[in-house]
Amino acid sequence: MPAVKVFKTLDEQIEILRSKGLIINDEEFTKRILLRENYFFISGYRHLFMHRENKFYTGTTFEELYAMFSFDRNLRNIFFKHILIVENNIKSLISYELSKKYGFKEKDYLNVDNFTQNPMKVRQVHDILDKMRRQIRVNGKQHTATLHYLSNYGYIPLWILVKVLSFGIVSELYTILKDEDQTAISDFYNTDPSTLAIYLNVLSNYRNLCAHEEILYDHRTQRVIPDSKYHTSLNIPKIEDEYIYGKNDLFAVIIILKIMLDEREFRNMMNEISYEIDLLGGRLKVVRVESILEQIGFPLNWRDIDRND
């Protein structure tokens, strides 16, 4: 029978950390942070500062542990903000292409004939269209824009509906488009349809993780992005002919955003990330910032992607 986790007071939480070798310089500050942020979430970063014997490296302070927690939160906010830009862009592109070609009323753009006729995807097509119809039923009267169209016109055009569709549904929607419609959208990003489908899946995964305040920096996705010119130009090392960075990690997201954001947006994002990494480097004492970058999946020359086109 598994051990039962019992409630611990702030004083008990501090004693647990101290018993593992963490230096607590300011108890009141530590209590305030533990109460506000939750012991469980902050302790989620402690393995970065610990020996295999489950003891903190000599000299590790609570401030250093909290700095890593804060860094990951700030990183989440930066990536979330820029993934939302891509989310809005892809929703706009899909709604424009489908509305232009198939019509702007639900009975038109949700017609099963407008989507792939691949026999292997018949069930997927029906599942995704059902999800979209469900969103119309559930959210149609809860959002100002959709309610406006329903009340005044009796239908919701696709360019309005996409606002209430999750990024996950939209990324699935892309996979059931006809080949020529997928190509029209992927051409906007100078990539191919199968690659864009993977990009959207990976971004959707990271978007949800950011939205729910999950640990970001060392997350890995099941889907792996294809090798790109950036893997080559940055001379990313390989193991057994596979690149070790930029495939299913946070650097893969940077590669995707390099392709899908415009130049100004991408440069702003890179500057924000650089600032947070430099700030973290100044706050770390017992762990080198380079080891954190490795955990993230960043090559040491990660900033050079901003100078590659």
# chains A, B, ... in the order shown; residues from 1 in each chain; ligands from 1
>>> residues_around(residues="range 210-216 of chain A", least_positions_apart="5", cutoff="8 Å", atoms="only C-alpha atoms", output="list in words")
Gly44, Asp72, Arg73, Leu75, Arg76, Asn77, Phe79 and Phe80 of chain A
>>> residues_around(residues="Ala67 in chain A", least_positions_apart="5", cutoff="8 Å", atoms="only C-alpha atoms", output="ChimeraX atom specification")
/A:280,283-284
>>> write_last_selection(atoms="N, CA and C atoms", output="compact mmCIF listing (two decimals), in the first residue's frame")
# COMPACT_ATOMS: atom_id res chain seq x y z
N LEU A 280 18.92 34.61 -15.00
CA LEU A 280 19.07 33.36 -14.25
C LEU A 280 20.54 33.07 -13.99
N ARG A 283 21.87 34.65 -11.02
CA ARG A 283 21.29 34.23 -9.75
C ARG A 283 21.73 32.83 -9.33
N LEU A 284 22.25 32.07 -10.29
CA LEU A 284 22.69 30.72 -9.96
C LEU A 284 24.10 30.74 -9.37
>>> select_by_dssp(residues="range 151-210 of chain A", states="alpha helix (DSSP H)", output="PyMOL selection string")
chain A and resi 151-153+158-161+167-175+179-186+193-210
>>> atom_distance(atom1="CA of Lys121 in chain A", atom2="CA of Ile198 in chain A")
16.8 Å
>>> residues_around(residues="range 186-196 of chain A", least_positions_apart="6", cutoff="8 Å", atoms="only C-alpha atoms", output="ChimeraX atom specification")
/A:179,225-226,259-260
>>> closest_residue(among="A:Arg134, A:Glu97, A:Val162, A:Asp127", to="Thr146 in chain A", atoms="only C-alpha atoms")
A:Val162
>>> closest_residue(among="A:Ile78, A:Ile42, A:Ile176, A:Met132", to="Asn268 in chain A", atoms="only C-alpha atoms")
A:Ile78
>>> select_by_dssp(residues="range 94-286 of chain A", states="strand (DSSP E)", output="VMD selection string")
chain A and resid 238 to 239 242 to 243
>>> write_last_selection(atoms="N, CA and C atoms", output="PDB file, in the first residue's frame")
ATOM      1  N   LYS A 238      24.977  15.317 -33.056  1.00  0.00           N
ATOM      2  CA  LYS A 238      24.126  14.146 -33.241  1.00  0.00           C
ATOM      3  C   LYS A 238      24.619  12.980 -32.389  1.00  0.00           C
ATOM      4  N   ILE A 239      23.695  12.111 -32.067  1.00  0.00           N
ATOM      5  CA  ILE A 239      24.005  10.815 -31.478  1.00  0.00           C
ATOM      6  C   ILE A 239      23.283   9.772 -32.313  1.00  0.00           C
ATOM      7  N   GLU A 242      21.094  11.147 -35.029  1.00  0.00           N
ATOM      8  CA  GLU A 242      19.922  11.930 -34.649  1.00  0.00           C
ATOM      9  C   GLU A 242      20.375  13.185 -33.905  1.00  0.00           C
ATOM     10  N   TYR A 243      19.822  14.333 -34.287  1.00  0.00           N
ATOM     11  CA  TYR A 243      20.153  15.572 -33.588  1.00  0.00           C
ATOM     12  C   TYR A 243      19.699  15.479 -32.128  1.00  0.00           C
TER      13      TYR A 243
END
>>> residues_around(residues="Asp227 in chain A", least_positions_apart="2", cutoff="9 Å", atoms="only C-alpha atoms", output="list of chain:residue names")
A:Ile225, A:Lys229, A:Tyr230, A:His231, A:Thr232, A:Tyr243, A:Gly246, A:Lys247
>>> residues_around(residues="Leu165 in chain A", least_positions_apart="2", cutoff="10 Å", atoms="only C-alpha atoms", output="list in words")
Lys91, Lys131, Met132, Gln135, Ile136, Asn139, Ile160, Leu161, Val162, Lys163, Phe167, Gly168, Ile169 and Val170 of chain A
>>> write_last_selection(atoms="C-alpha atoms", output="mmCIF file, in the first residue's frame")
data_model
loop_
_atom_site.group_PDB
_atom_site.id
_atom_site.type_symbol
_atom_site.label_atom_id
_atom_site.label_comp_id
_atom_site.auth_asym_id
_atom_site.auth_seq_id
_atom_site.Cartn_x
_atom_site.Cartn_y
_atom_site.Cartn_z
ATOM 1 C CA LYS A 91 -7.000 30.253 -37.383
ATOM 2 C CA LYS A 131 -16.340 18.623 -32.094
ATOM 3 C CA MET A 132 -16.809 21.847 -34.055
ATOM 4 C CA GLN A 135 -18.517 24.096 -29.833
ATOM 5 C CA ILE A 136 -21.235 25.956 -31.707
ATOM 6 C CA ASN A 139 -20.160 28.247 -26.761
ATOM 7 C CA ILE A 160 -15.868 33.920 -35.905
ATOM 8 C CA LEU A 161 -16.162 30.259 -34.886
ATOM 9 C CA VAL A 162 -12.381 29.762 -34.817
ATOM 10 C CA LYS A 163 -12.224 32.189 -31.901
ATOM 11 C CA PHE A 167 -5.718 25.247 -30.775
ATOM 12 C CA GLY A 168 -5.892 21.458 -30.453
ATOM 13 C CA ILE A 169 -9.105 21.254 -32.511
ATOM 14 C CA VAL A 170 -7.715 23.673 -35.102
#
>>> closest_residue(among="A:Glu272, A:Gly282, A:Thr175, A:Glu106", to="Lys81 in chain A", atoms="only C-alpha atoms")
A:Glu272
>>> residues_around(residues="Lys20 in chain A", least_positions_apart="3", cutoff="7 Å", atoms="only C-alpha atoms", output="PyMOL selection string")
chain A and resi 16-17+54-56
>>> write_last_selection(atoms="N, CA and C atoms", output="PDB file, in the first residue's frame")
ATOM      1  N   ILE A  16      11.799  20.222   6.162  1.00  0.00           N
ATOM      2  CA  ILE A  16      12.077  19.177   5.156  1.00  0.00           C
ATOM      3  C   ILE A  16      13.171  19.649   4.208  1.00  0.00           C
ATOM      4  N   LEU A  17      13.057  20.890   3.748  1.00  0.00           N
ATOM      5  CA  LEU A  17      14.058  21.441   2.832  1.00  0.00           C
ATOM      6  C   LEU A  17      15.420  21.540   3.524  1.00  0.00           C
ATOM      7  N   ASN A  54      19.741  12.480  -2.871  1.00  0.00           N
ATOM      8  CA  ASN A  54      18.587  13.300  -2.496  1.00  0.00           C
ATOM      9  C   ASN A  54      18.945  14.398  -1.503  1.00  0.00           C
ATOM     10  N   LYS A  55      20.181  14.905  -1.653  1.00  0.00           N
ATOM     11  CA  LYS A  55      20.645  16.029  -0.843  1.00  0.00           C
ATOM     12  C   LYS A  55      21.032  17.179  -1.773  1.00  0.00           C
ATOM     13  N   PHE A  56      20.747  18.401  -1.342  1.00  0.00           N
ATOM     14  CA  PHE A  56      21.122  19.560  -2.136  1.00  0.00           C
ATOM     15  C   PHE A  56      22.639  19.713  -2.186  1.00  0.00           C
TER      16      PHE A  56
END
>>> closest_residue(among="A:Arg133, A:His51, A:Lys258, A:Arg123", to="Leu110 in chain A", atoms="only C-alpha atoms")
A:Arg133
>>> closest_residue(among="A:Leu22, A:Ile94, A:Val138, A:Ile85", to="Val286 in chain A", atoms="only C-alpha atoms")
A:Leu22
>>> closest_residue(among="A:Glu290, A:Val253, A:Leu261, A:Ser233", to="Arg307 in chain A", atoms="only C-alpha atoms")
A:Ser233
>>> residues_around(residues="Lys178 in chain A", least_positions_apart="6", cutoff="10 Å", atoms="only C-alpha atoms", output="MDAnalysis selection string")
chainID A and resid 113:118
>>> write_last_selection(atoms="N, CA and C atoms", output="compact mmCIF listing (two decimals), in the first residue's frame")
# COMPACT_ATOMS: atom_id res chain seq x y z
N ASP A 113 -18.05 16.80 -47.46
CA ASP A 113 -17.44 16.71 -48.79
C ASP A 113 -16.29 17.69 -48.98
N ASN A 114 -16.18 18.68 -48.08
CA ASN A 114 -15.12 19.69 -48.20
C ASN A 114 -13.79 19.20 -47.65
N PHE A 115 -13.77 18.01 -47.08
CA PHE A 115 -12.58 17.53 -46.39
C PHE A 115 -12.02 16.29 -47.08
N THR A 116 -10.88 15.83 -46.60
CA THR A 116 -10.21 14.70 -47.23
C THR A 116 -11.17 13.52 -47.43
N GLN A 117 -11.02 12.87 -48.56
CA GLN A 117 -11.85 11.70 -48.86
C GLN A 117 -11.06 10.41 -48.63
N ASN A 118 -9.92 10.54 -47.96
CA ASN A 118 -9.10 9.38 -47.64
C ASN A 118 -9.91 8.41 -46.77
>>> atom_distance(atom1="CA of Arg52 in chain A", atom2="CA of Gly21 in chain A")
13.1 Å
